[in-house]
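One file, work.cif, carrying mmCIF, C-alpha atoms:
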```cif
data_start
#
loop_
_atom_site.group_PDB
_atom_site.id
_atom_site.type_symbol
_atom_site.label_atom_id
_atom_site.label_comp_id
_atom_site.auth_asym_id
_atom_site.auth_seq_id
_atom_site.Cartn_x
_atom_site.Cartn_y
_atom_site.Cartn_z
ATOM 1 C CA MET A 1 13.145 -0.596 20.141
ATOM 2 C CA PRO A 2 9.782 -1.484 18.587
ATOM 3 C CA LEU A 3 6.629 -0.945 20.600
ATOM 4 C CA GLN A 4 5.171 -3.982 22.340
ATOM 5 C CA LEU A 5 1.901 -5.250 20.901
ATOM 6 C CA LYS A 6 0.435 -5.593 24.406
ATOM 7 C CA ASP A 7 0.813 -1.838 24.826
ATOM 8 C CA LEU A 8 -1.051 -0.941 21.611
ATOM 9 C CA LEU A 9 -4.788 -0.524 21.164
ATOM 10 C CA VAL A 10 -6.048 -3.143 18.682
ATOM 11 C CA GLU A 11 -9.549 -2.714 17.255
ATOM 12 C CA GLU A 12 -11.382 -4.987 14.834
ATOM 13 C CA LYS A 13 -14.497 -4.658 12.695
ATOM 14 C CA GLU A 14 -16.111 -6.830 10.051
ATOM 15 C CA LEU A 15 -16.204 -5.551 6.498
ATOM 16 C CA PHE A 16 -18.947 -5.967 3.931
ATOM 17 C CA VAL A 17 -18.038 -8.745 1.486
ATOM 18 C CA PRO A 18 -20.326 -8.753 -1.552
ATOM 19 C CA PRO A 19 -20.282 -11.613 -4.076
ATOM 20 C CA LEU A 20 -17.351 -11.339 -6.447
ATOM 21 C CA GLU A 21 -19.731 -11.358 -9.406
ATOM 22 C CA LEU A 22 -21.284 -8.106 -8.177
ATOM 23 C CA VAL A 23 -17.883 -6.563 -7.487
ATOM 24 C CA ASN A 24 -16.808 -7.598 -10.973
ATOM 25 C CA GLN A 25 -19.759 -5.764 -12.507
ATOM 26 C CA ALA A 26 -19.288 -2.642 -10.371
ATOM 27 C CA LEU A 27 -15.634 -2.433 -11.378
ATOM 28 C CA LYS A 28 -16.497 -2.888 -15.043
ATOM 29 C CA ASP A 29 -19.120 -0.157 -14.891
ATOM 30 C CA GLY A 30 -16.852 2.296 -13.103
ATOM 31 C CA LEU A 31 -13.469 1.622 -14.670
ATOM 32 C CA SER A 32 -14.934 1.823 -18.175
ATOM 33 C CA LYS A 33 -15.503 5.527 -17.536
ATOM 34 C CA ASN A 34 -11.780 5.996 -16.866
ATOM 35 C CA PHE A 35 -10.111 3.527 -19.269
ATOM 36 C CA GLU A 36 -10.817 2.788 -22.910
ATOM 37 C CA ASN A 37 -10.072 -0.934 -22.512
ATOM 38 C CA VAL A 38 -11.340 -2.840 -19.474
ATOM 39 C CA ASP A 39 -11.397 -6.599 -18.951
ATOM 40 C CA ILE A 40 -12.314 -7.961 -15.522
ATOM 41 C CA SER A 41 -12.808 -11.590 -14.547
ATOM 42 C CA ILE A 42 -12.914 -13.897 -11.548
ATOM 43 C CA VAL A 43 -9.982 -16.307 -11.680
ATOM 44 C CA ASN A 44 -7.939 -18.593 -9.499
ATOM 45 C CA CYS A 45 -5.007 -16.518 -8.345
ATOM 46 C CA PRO A 46 -1.869 -17.243 -10.354
ATOM 47 C CA ASP A 47 1.420 -17.913 -8.609
ATOM 48 C CA LEU A 48 2.431 -14.400 -7.585
ATOM 49 C CA THR A 49 5.927 -15.552 -6.608
ATOM 50 C CA LYS A 50 6.706 -15.739 -10.325
ATOM 51 C CA LYS A 51 7.665 -12.786 -12.487
ATOM 52 C CA PRO A 52 6.517 -10.144 -13.133
ATOM 53 C CA PHE A 53 5.065 -9.896 -9.602
ATOM 54 C CA SER A 54 7.810 -11.697 -7.658
ATOM 55 C CA LEU A 55 5.914 -11.537 -4.366
ATOM 56 C CA ALA A 56 6.791 -13.478 -1.233
ATOM 57 C CA SER A 57 3.854 -15.899 -1.399
ATOM 58 C CA GLN A 58 1.719 -17.505 -4.048
ATOM 59 C CA GLY A 59 -1.797 -16.145 -3.536
ATOM 60 C CA LEU A 60 -4.105 -13.751 -1.698
ATOM 61 C CA GLY A 61 -6.383 -16.329 -0.102
ATOM 62 C CA GLY A 62 -6.972 -17.535 3.444
ATOM 63 C CA SER A 63 -8.146 -15.262 6.280
ATOM 64 C CA PRO A 64 -8.135 -12.095 4.139
ATOM 65 C CA THR A 65 -7.584 -9.136 6.435
ATOM 66 C CA ILE A 66 -7.054 -5.410 6.010
ATOM 67 C CA VAL A 67 -4.620 -4.088 8.647
ATOM 68 C CA GLU A 68 -3.858 -0.451 9.351
ATOM 69 C CA VAL A 69 -1.148 0.413 11.852
ATOM 70 C CA GLY A 70 -0.441 3.927 13.117
ATOM 71 C CA GLY A 71 -0.981 6.742 10.671
ATOM 72 C CA VAL A 72 0.234 9.944 9.058
ATOM 73 C CA PRO A 73 -0.432 11.995 12.232
ATOM 74 C CA TYR A 74 2.618 10.252 13.748
ATOM 75 C CA LEU A 75 4.730 11.823 10.975
ATOM 76 C CA LEU A 76 3.174 15.294 10.828
ATOM 77 C CA PRO A 77 3.642 18.091 11.632
ATOM 78 C CA LEU A 78 6.783 16.656 13.305
ATOM 79 C CA VAL A 79 7.771 13.018 13.597
ATOM 80 C CA ASN A 80 7.046 10.847 16.626
ATOM 81 C CA ARG A 81 10.145 8.626 16.626
ATOM 82 C CA SER A 82 8.688 6.277 19.236
ATOM 83 C CA LYS A 83 6.251 4.817 16.692
ATOM 84 C CA VAL A 84 8.234 1.772 15.607
ATOM 85 C CA TYR A 85 6.446 -1.541 15.023
ATOM 86 C CA ASP A 86 7.558 -5.113 14.351
ATOM 87 C CA PHE A 87 6.246 -7.461 11.674
ATOM 88 C CA LYS A 88 7.046 -10.347 14.004
ATOM 89 C CA ASP A 89 3.851 -9.362 15.859
ATOM 90 C CA ILE A 90 1.613 -9.836 12.827
ATOM 91 C CA ASN A 91 0.702 -13.451 13.683
ATOM 92 C CA GLU A 92 -0.513 -12.507 17.152
ATOM 93 C CA MET A 93 -2.067 -9.274 15.892
ATOM 94 C CA THR A 94 -4.227 -10.983 13.274
ATOM 95 C CA GLY A 95 -4.383 -14.657 14.291
ATOM 96 C CA VAL A 96 -3.099 -15.489 10.791
ATOM 97 C CA ASP A 97 -0.125 -17.872 10.690
ATOM 98 C CA PRO A 98 1.601 -18.067 8.291
ATOM 99 C CA ALA A 99 0.854 -14.470 7.329
ATOM 100 C CA PHE A 100 1.618 -13.166 3.865
ATOM 101 C CA VAL A 101 1.903 -9.390 4.200
ATOM 102 C CA ILE A 102 1.932 -6.834 1.394
ATOM 103 C CA GLY A 103 1.344 -3.116 1.516
ATOM 104 C CA ALA A 104 2.524 0.433 2.000
ATOM 105 C CA GLY A 105 4.049 2.226 4.954
ATOM 106 C CA ALA A 106 7.088 3.985 6.346
ATOM 107 C CA GLY A 107 10.284 2.003 6.594
ATOM 108 C CA PRO A 108 12.726 1.276 9.416
ATOM 109 C CA PHE A 109 14.481 4.624 9.807
ATOM 110 C CA VAL A 110 16.944 3.277 12.383
ATOM 111 C CA TYR A 111 18.132 0.589 9.961
ATOM 112 C CA ALA A 112 18.132 2.910 6.942
ATOM 113 C CA GLY A 113 19.677 5.832 8.766
ATOM 114 C CA VAL A 114 16.953 8.102 7.384
ATOM 115 C CA ASN A 115 13.225 8.223 6.884
ATOM 116 C CA CYS A 116 12.147 5.963 4.009
ATOM 117 C CA GLU A 117 9.257 4.414 2.126
ATOM 118 C CA LEU A 118 8.266 0.812 2.875
ATOM 119 C CA VAL A 119 6.999 -1.655 0.270
ATOM 120 C CA ALA A 120 6.014 -4.599 2.458
ATOM 121 C CA ASN A 121 6.378 -8.032 0.821
ATOM 122 C CA LEU A 122 7.035 -10.774 3.352
ATOM 123 C CA VAL A 123 5.835 -13.925 5.053
ATOM 124 C CA VAL A 124 5.772 -14.254 8.832
ATOM 125 C CA LYS A 125 5.453 -17.775 10.238
ATOM 126 C CA ASN A 126 5.708 -18.463 13.961
ATOM 127 C CA SER A 127 7.050 -14.898 14.299
ATOM 128 C CA GLN A 128 9.905 -15.711 11.899
ATOM 129 C CA VAL A 129 10.279 -13.431 8.895
ATOM 130 C CA ARG A 130 11.078 -14.277 5.287
ATOM 131 C CA SER A 131 11.276 -10.934 3.541
ATOM 132 C CA LEU A 132 11.380 -9.533 0.024
ATOM 133 C CA THR A 133 10.402 -6.118 1.358
ATOM 134 C CA GLN A 134 11.922 -3.067 -0.296
ATOM 135 C CA ILE A 135 12.554 0.424 1.017
ATOM 136 C CA ALA A 136 13.101 3.597 -0.987
ATOM 137 C CA LYS A 137 15.146 6.490 0.329
ATOM 138 C CA LEU A 138 17.294 9.383 -0.772
ATOM 139 C CA LYS A 139 20.915 8.367 -1.249
ATOM 140 C CA ASP A 140 22.305 11.555 0.234
ATOM 141 C CA GLN A 141 19.869 14.328 1.009
ATOM 142 C CA SER A 142 22.672 16.899 1.224
ATOM 143 C CA LYS A 143 23.775 16.199 -2.357
ATOM 144 C CA GLY A 144 20.469 16.171 -4.218
ATOM 145 C CA ASP A 145 17.426 14.036 -4.871
ATOM 146 C CA GLU A 146 18.933 10.795 -6.202
ATOM 147 C CA MET A 147 16.995 7.890 -4.707
ATOM 148 C CA GLU A 148 17.700 4.210 -4.263
ATOM 149 C CA ALA A 149 15.659 1.089 -3.546
ATOM 150 C CA LEU A 150 17.010 -1.621 -1.260
ATOM 151 C CA THR A 151 15.718 -5.066 -0.261
ATOM 152 C CA LEU A 152 15.599 -5.642 3.473
ATOM 153 C CA PRO A 153 17.242 -8.707 5.023
ATOM 154 C CA ASP A 154 15.115 -11.200 6.938
ATOM 155 C CA SER A 155 16.713 -9.913 10.143
ATOM 156 C CA GLU A 156 15.156 -6.442 9.719
ATOM 157 C CA SER A 157 11.491 -6.778 10.624
ATOM 158 C CA THR A 158 10.622 -3.294 11.876
ATOM 159 C CA TYR A 159 8.649 -0.512 10.234
ATOM 160 C CA ALA A 160 7.637 2.904 11.479
ATOM 161 C CA LEU A 161 4.801 5.396 11.861
ATOM 162 C CA MET A 162 2.210 3.828 9.556
ATOM 163 C CA GLY A 163 1.282 0.753 7.581
ATOM 164 C CA ASN A 164 -1.610 -0.130 5.266
ATOM 165 C CA LEU A 165 -1.347 -3.860 4.853
ATOM 166 C CA TYR A 166 -3.193 -6.743 3.252
ATOM 167 C CA VAL A 167 -2.673 -9.935 5.243
ATOM 168 C CA SER A 168 -3.640 -13.454 4.184
ATOM 169 C CA GLU A 169 -2.383 -17.004 4.414
ATOM 170 C CA GLY A 170 -0.916 -16.680 0.922
ATOM 171 C CA LYS A 171 -3.115 -19.415 -0.477
ATOM 172 C CA SER A 172 -4.482 -19.639 -3.979
ATOM 173 C CA GLY A 173 -8.185 -19.048 -4.463
ATOM 174 C CA GLN A 174 -10.555 -16.844 -6.379
ATOM 175 C CA VAL A 175 -9.528 -13.243 -6.994
ATOM 176 C CA LEU A 176 -10.516 -10.405 -9.267
ATOM 177 C CA LYS A 177 -8.248 -10.062 -12.283
ATOM 178 C CA VAL A 178 -8.392 -6.517 -13.609
ATOM 179 C CA ASN A 179 -6.886 -5.478 -16.962
ATOM 180 C CA CYS A 180 -7.110 -1.810 -17.946
ATOM 181 C CA SER A 181 -5.340 0.195 -20.619
ATOM 182 C CA LYS A 182 -5.436 3.645 -22.219
ATOM 183 C CA ARG A 183 -6.616 5.934 -19.470
ATOM 184 C CA ILE A 184 -9.247 8.391 -20.734
ATOM 185 C CA GLY A 185 -10.344 9.797 -17.372
ATOM 186 C CA LYS A 186 -8.674 11.980 -14.765
ATOM 187 C CA ASP A 187 -8.546 9.445 -11.924
ATOM 188 C CA ASP A 188 -5.564 7.244 -11.179
ATOM 189 C CA PHE A 189 -6.130 3.490 -11.315
ATOM 190 C CA VAL A 190 -6.741 2.920 -7.596
ATOM 191 C CA LYS A 191 -8.977 5.945 -7.146
ATOM 192 C CA ALA A 192 -11.012 4.840 -10.156
ATOM 193 C CA ALA A 193 -11.397 1.338 -8.697
ATOM 194 C CA ARG A 194 -12.463 2.745 -5.331
ATOM 195 C CA GLU A 195 -14.941 5.146 -6.929
ATOM 196 C CA SER A 196 -16.394 2.212 -8.870
ATOM 197 C CA LEU A 197 -17.150 0.313 -5.663
ATOM 198 C CA LEU A 198 -18.436 3.416 -3.896
ATOM 199 C CA ALA A 199 -20.971 3.819 -6.698
ATOM 200 C CA GLY A 200 -21.829 0.133 -6.801
ATOM 201 C CA PHE A 201 -22.222 -0.370 -3.040
ATOM 202 C CA PRO A 202 -23.187 2.994 -1.525
ATOM 203 C CA GLY A 203 -22.656 3.266 2.202
ATOM 204 C CA LYS A 204 -20.918 -0.103 2.523
ATOM 205 C CA ALA A 205 -17.447 -0.556 4.038
ATOM 206 C CA ILE A 206 -15.555 -2.769 1.587
ATOM 207 C CA GLY A 207 -11.838 -3.452 1.940
ATOM 208 C CA VAL A 208 -9.662 -4.434 -1.016
ATOM 209 C CA GLY A 209 -6.052 -5.581 -1.034
ATOM 210 C CA GLY A 210 -3.669 -6.918 -3.608
ATOM 211 C CA ALA A 211 -1.109 -6.044 -6.217
ATOM 212 C CA PHE A 212 -1.042 -4.443 -9.630
ATOM 213 C CA LEU A 213 1.522 -4.258 -12.406
ATOM 214 C CA VAL A 214 2.021 -1.020 -14.363
ATOM 215 C CA THR A 215 3.593 -1.231 -17.835
ATOM 216 C CA ASN A 216 3.984 1.023 -20.871
ATOM 217 C CA SER A 217 4.022 4.243 -18.863
ATOM 218 C CA LYS A 218 6.206 6.018 -16.403
ATOM 219 C CA VAL A 219 4.574 6.524 -13.023
ATOM 220 C CA LYS A 220 4.516 9.612 -10.817
ATOM 221 C CA GLN A 221 5.724 8.526 -7.385
ATOM 222 C CA HIS A 222 7.210 10.131 -4.336
ATOM 223 C CA VAL A 223 9.907 9.212 -1.861
ATOM 224 C CA MET A 224 10.058 10.815 1.558
ATOM 225 C CA PRO A 225 13.301 12.563 2.456
ATOM 226 C CA ASP A 226 14.571 12.480 6.015
ATOM 227 C CA PHE A 227 12.238 13.812 8.697
ATOM 228 C CA SER A 228 11.519 17.507 8.481
ATOM 229 C CA GLU A 229 13.004 19.664 11.227
ATOM 230 C CA THR A 230 10.340 22.316 10.684
ATOM 231 C CA PRO A 231 6.620 21.604 11.181
ATOM 232 C CA LEU A 232 4.649 20.513 8.108
ATOM 233 C CA ASN A 233 1.287 22.159 8.697
ATOM 234 C CA SER A 234 -0.376 22.019 5.270
ATOM 235 C CA ASP A 235 -0.562 19.823 2.189
ATOM 236 C CA GLU A 236 1.516 22.465 0.425
ATOM 237 C CA ASP A 237 4.214 22.066 3.086
ATOM 238 C CA VAL A 238 4.099 18.300 2.653
ATOM 239 C CA ASN A 239 4.327 18.434 -1.153
ATOM 240 C CA GLN A 240 7.314 20.790 -0.998
ATOM 241 C CA TRP A 241 9.026 18.395 1.427
ATOM 242 C CA LEU A 242 8.393 15.217 -0.597
ATOM 243 C CA ARG A 243 10.571 14.257 -3.553
ATOM 244 C CA PHE A 244 8.644 13.408 -6.725
ATOM 245 C CA TYR A 245 9.882 11.231 -9.593
ATOM 246 C CA ASP A 246 8.661 9.809 -12.901
ATOM 247 C CA MET A 247 9.677 6.196 -12.347
ATOM 248 C CA ASN A 248 10.176 3.622 -15.051
ATOM 249 C CA PRO A 249 8.006 0.571 -15.659
ATOM 250 C CA PRO A 250 7.508 -2.208 -14.968
ATOM 251 C CA LEU A 251 6.431 -1.439 -11.411
ATOM 252 C CA VAL A 252 4.494 -3.700 -9.039
ATOM 253 C CA ALA A 253 2.359 -1.831 -6.517
ATOM 254 C CA VAL A 254 0.969 -3.391 -3.330
ATOM 255 C CA GLY A 255 -1.474 -2.010 -0.799
ATOM 256 C CA THR A 256 -5.092 -1.543 0.199
ATOM 257 C CA PHE A 257 -8.117 0.629 -0.341
ATOM 258 C CA VAL A 258 -11.423 0.859 1.490
ATOM 259 C CA THR A 259 -14.691 2.349 0.302
ATOM 260 C CA ASN A 260 -16.090 3.706 3.561
ATOM 261 C CA ASP A 261 -14.388 4.038 6.938
ATOM 262 C CA PRO A 262 -16.313 2.036 9.582
ATOM 263 C CA GLY A 263 -15.314 4.502 12.294
ATOM 264 C CA LEU A 264 -11.631 3.578 12.664
ATOM 265 C CA ASN A 265 -9.945 6.654 11.145
ATOM 266 C CA LEU A 266 -8.681 4.681 8.159
ATOM 267 C CA ARG A 267 -6.552 5.868 5.274
ATOM 268 C CA VAL A 268 -8.783 4.976 2.347
ATOM 269 C CA ILE A 269 -6.035 4.456 -0.286
ATOM 270 C CA HIS A 270 -2.356 3.596 0.085
ATOM 271 C CA PHE A 271 -0.190 1.748 -2.463
ATOM 272 C CA HIS A 272 3.592 1.604 -2.815
ATOM 273 C CA SER A 273 5.468 0.035 -5.706
ATOM 274 C CA LEU A 274 8.668 -1.974 -6.010
ATOM 275 C CA SER A 275 10.758 -3.106 -8.945
ATOM 276 C CA ASP A 276 13.835 -5.087 -9.888
ATOM 277 C CA HIS A 277 15.535 -2.061 -11.480
ATOM 278 C CA GLY A 278 16.217 0.072 -8.418
ATOM 279 C CA GLU A 279 13.096 2.238 -8.275
ATOM 280 C CA ALA A 280 10.346 2.173 -5.654
ATOM 281 C CA GLY A 281 8.002 4.620 -3.979
ATOM 282 C CA HIS A 282 4.485 5.856 -3.266
ATOM 283 C CA TYR A 283 2.153 5.440 -6.255
ATOM 284 C CA HIS A 284 0.315 8.531 -7.503
ATOM 285 C CA TYR A 285 -0.623 8.075 -11.187
ATOM 286 C CA ASP A 286 0.619 7.040 -14.619
ATOM 287 C CA THR A 287 2.107 9.816 -16.760
ATOM 288 C CA GLN A 288 1.456 8.330 -20.222
ATOM 289 C CA PRO A 289 -2.287 7.634 -20.279
ATOM 290 C CA ASP A 290 -2.451 6.763 -23.990
ATOM 291 C CA THR A 291 -0.153 3.761 -23.604
ATOM 292 C CA VAL A 292 -0.456 2.687 -19.952
ATOM 293 C CA GLU A 293 -1.529 -0.838 -19.031
ATOM 294 C CA TYR A 294 -2.550 -2.193 -15.642
ATOM 295 C CA LEU A 295 -2.845 -5.811 -14.536
ATOM 296 C CA ALA A 296 -4.214 -6.252 -11.021
ATOM 297 C CA TYR A 297 -5.127 -9.121 -8.747
ATOM 298 C CA PHE A 298 -7.435 -7.991 -5.935
ATOM 299 C CA SER A 299 -9.068 -9.760 -3.018
ATOM 300 C CA LEU A 300 -11.692 -8.591 -0.522
ATOM 301 C CA GLY A 301 -10.887 -8.349 3.169
ATOM 302 C CA ALA A 302 -13.365 -9.977 5.538
ATOM 303 C CA ARG A 303 -12.356 -7.685 8.418
ATOM 304 C CA VAL A 304 -10.229 -4.702 9.252
ATOM 305 C CA ILE A 305 -7.826 -4.612 12.191
ATOM 306 C CA ARG A 306 -6.840 -1.141 13.406
ATOM 307 C CA VAL A 307 -3.697 -0.889 15.517
ATOM 308 C CA ASP A 308 -2.480 2.172 17.457
ATOM 309 C CA ARG A 309 -5.045 4.538 15.962
ATOM 310 C CA PRO A 310 -3.818 8.140 16.202
ATOM 311 C CA PRO A 311 -5.980 10.439 18.321
ATOM 312 C CA ASP A 312 -5.661 13.050 15.578
ATOM 313 C CA SER A 313 -8.107 12.400 12.732
ATOM 314 C CA SER A 314 -6.566 14.982 10.390
ATOM 315 C CA LYS A 315 -6.242 13.925 6.752
ATOM 316 C CA LEU A 316 -3.142 16.074 6.238
ATOM 317 C CA GLY A 317 -0.624 14.263 4.061
ATOM 318 C CA HIS A 318 -3.033 11.555 2.838
ATOM 319 C CA ASN A 319 -2.083 12.133 -0.816
#
```

Show this structure as structure tokens.
Amino acid sequence: MPLQLKDLLVEEKELFVPPLELVNQALKDGLSKNFENVDISIVNCPDLTKKPFSLASQGLGGSPTIVEVGGVPYLLPLVNRSKVYDFKDINEMTGVDPAFVIGAGAGPFVYAGVNCELVANLVVKNSQVRSLTQIAKLKDQSKGDEMEALTLPDSESTYALMGNLYVSEGKSGQVLKVNCSKRIGKDDFVKAARESLLAGFPGKAIGVGGAFLVTNSKVKQHVMPDFSETPLNSDEDVNQWLRFYDMNPPLVAVGTFVTNDPGLNLRVIHFHSLSDHGEAGHYHYDTQPDTVEYLAYFSLGARVIRVDRPPDSSKLGHN
């Protein structure tokens, strides 16, 4: 059974929201050090329900909110199976209704039968769910590392352990359109974007959410196997436990990143990707930098809501 919202600690803080023109410039300055071709503009958000994004709502506007639920310490060193949450609570949790929810987390292990990755992509209205959410899991852990991606039915609204979510009313409105190609630096796309804003707005807590499309390169991603029966006490332990893949484009990644943690023990970057060709997982980096292309639509969160913050502030497993 999912935990009751009334029993969870919910904390909220405002985030710094600079003018989009200044964010645009900071991203241009920073991303140009990591990509040969960079084109960034402020546009009205296109209809993200259409291909290639195929998201559950049109835009990223209206009550933009960064939400973090739970955290990796509920998975490591051994899993806490009581940490099950319900997307039906998102309206009450945030005050946003309807709530368009996209982001990264751990999926409903009871439904899936095993631990799994969550790629949240749904709308919750009056606590009713319309879902295009995908999960990624191993098909049969005892027989190898073959993975599969499945779309959840509307009736399955739970997730587990952790979630890094961007929540809005799904309205159109101004967003940052980011085009980058030919990676010349060492940083992955999201890390490079975060580093750009760290340099442009030192000391400020800025929250960014949205989606990006990766084409013309395979992407290094991981899928969690079932919960480990032995403690995972180091990043080396975690990396040996995870299953890594070079997944095929096109992939659409959704999630959040924040520049500075305003004292809420936040995970600063977390994006998962989905596709329509049976591959999904946790985004790490592109594997073909000479040919890769990114197309992102990003919005700034006005606030961050922290739910069920773990008492452990360890960064173990935050890869």

Sorted per-residue table, range 1-49 of chain A near range 173-187 of chain A, closest atoms and distance, 6 Å, all atoms listed in the file, as a tab-separated table:
```
residue	atom	partner	partner_atom	distance
A:Asn34	CA	A:Gly185	CA	4.1
A:Phe35	CA	A:Arg183	CA	4.2
A:Glu36	CA	A:Lys182	CA	5.5
A:Asn37	CA	A:Ser181	CA	5.2
A:Val38	CA	A:Cys180	CA	4.6
A:Asp39	CA	A:Asn179	CA	5.1
A:Ile40	CA	A:Val178	CA	4.6
A:Ser41	CA	A:Lys177	CA	5.3
A:Ile42	CA	A:Leu176	CA	4.8
A:Val43	CA	A:Gln174	CA	5.4
A:Asn44	CA	A:Gln174	CA	4.4
A:Cys45	CA	A:Gly173	CA	5.6
```

- Hey, can you check how far CA of Thr151 in chain A sits from CA of Thr287 in chain A?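 Answer for the CA of Thr151 in chain A to CA of Thr287 in chain A separation: 26.1 Å.
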
- Task: Considering only C-alpha atoms, return as JSON, numbers by chain whatever protein or nucleic-acid residues lie within 8 Å of Thr215 in chain A, sequence-local ones (same chain, fewer than 3 positions apart) excluded.
- Result: {"A": [218, 249, 250, 251, 292, 293, 294]}

- Query: In Å, with one decimal, what is the gap from CA of Val123 in chain A to CA of Tyr111 in chain A?
  - Reply: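 Computing the Euclidean distance for CA of Val123 in chain A and CA of Tyr111 in chain A yields 19.6 Å.
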
- Task: Using all atoms listed in the file, find the one residue out of A:Gly70, A:Pro98, A:Gly200, A:Gly163 that sits nearest to Lys28 in chain A.
- Result: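 For Lys28 in chain A, the nearest of the candidates is A:Gly200.
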
- Which one is closest to Leu55 in chain A: A:Ser275, A:Ser157, A:Asn319, A:Ser127? Count all atoms listed in the file.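 Between A:Ser275, A:Ser157, A:Asn319, A:Ser127, the residue approaching Leu55 in chain A most closely is A:Ser275.
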
- Close residues, Pro46 in chain A itself excluded, 8 Å, all atoms listed in the file, min 3 positions apart in chain, as an NGL selection string: :A and (58-59 or 172)

Writer output for current selection, C-alpha atoms, as a PDB file, keeping the file's coordinate frame:
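Wrote again_18.pdb, looks like this:
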```
ATOM      1  CA  GLN A  58       1.719 -17.505  -4.048  1.00  0.00           C
ATOM      2  CA  GLY A  59      -1.797 -16.145  -3.536  1.00  0.00           C
ATOM      3  CA  SER A 172      -4.482 -19.639  -3.979  1.00  0.00           C
TER       4      SER A 172
END
```

- Message: Quick check on the file I pasted: which residues fall under the PyMOL selection byres ((chain A and resi 1) around 8)? Write them as a PyMOL selection string.
- Response: chain A and resi 2-3+84

- With the file shown as input, list the residues that the PyMOL selection byres ((chain A and resi 128-130) around 10) selects, as a list in words.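 Residues picked by the PyMOL selection byres ((chain A and resi 128-130) around 10): Ala56, Ser57, Phe87, Lys88, Asp89, Asn91, Pro98, Ala99, Phe100, Asn121, Leu122, Val123, Val124, Lys125, Asn126, Ser127, Ser131, Leu132, Thr133, Leu152, Pro153, Asp154, Ser155, Glu156 and Ser157 of chain A.
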
- Query: Can you tell me how far CA of Gly203 in chain A sits from CA of Val17 in chain A, in Å to one decimal?
  - Reply: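 So the answer is 12.9 Å.
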
- Task: I would like the residues chosen by the PyMOL selection byres ((chain A and resi 207) around 6) on the shown file; could you give them as a VMD selection string?
- Result: chain A and resid 206 208 257 to 258 300 to 301

- Neighbour list for Ser168 in chain A as a VMD selection string, cut-off 6 Å, only C-alpha atoms, skip fewer than 3 positions in-chain: chain A and resid 60 to 64 99 to 100

- Message: Which residue is closest to Val223 in chain A? Choose from A:Glu148, A:Asp290, A:Glu236, A:Asp29 and count only C-alpha atoms.
- Response: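 So, comparing all the options, the nearest one is A:Glu148.
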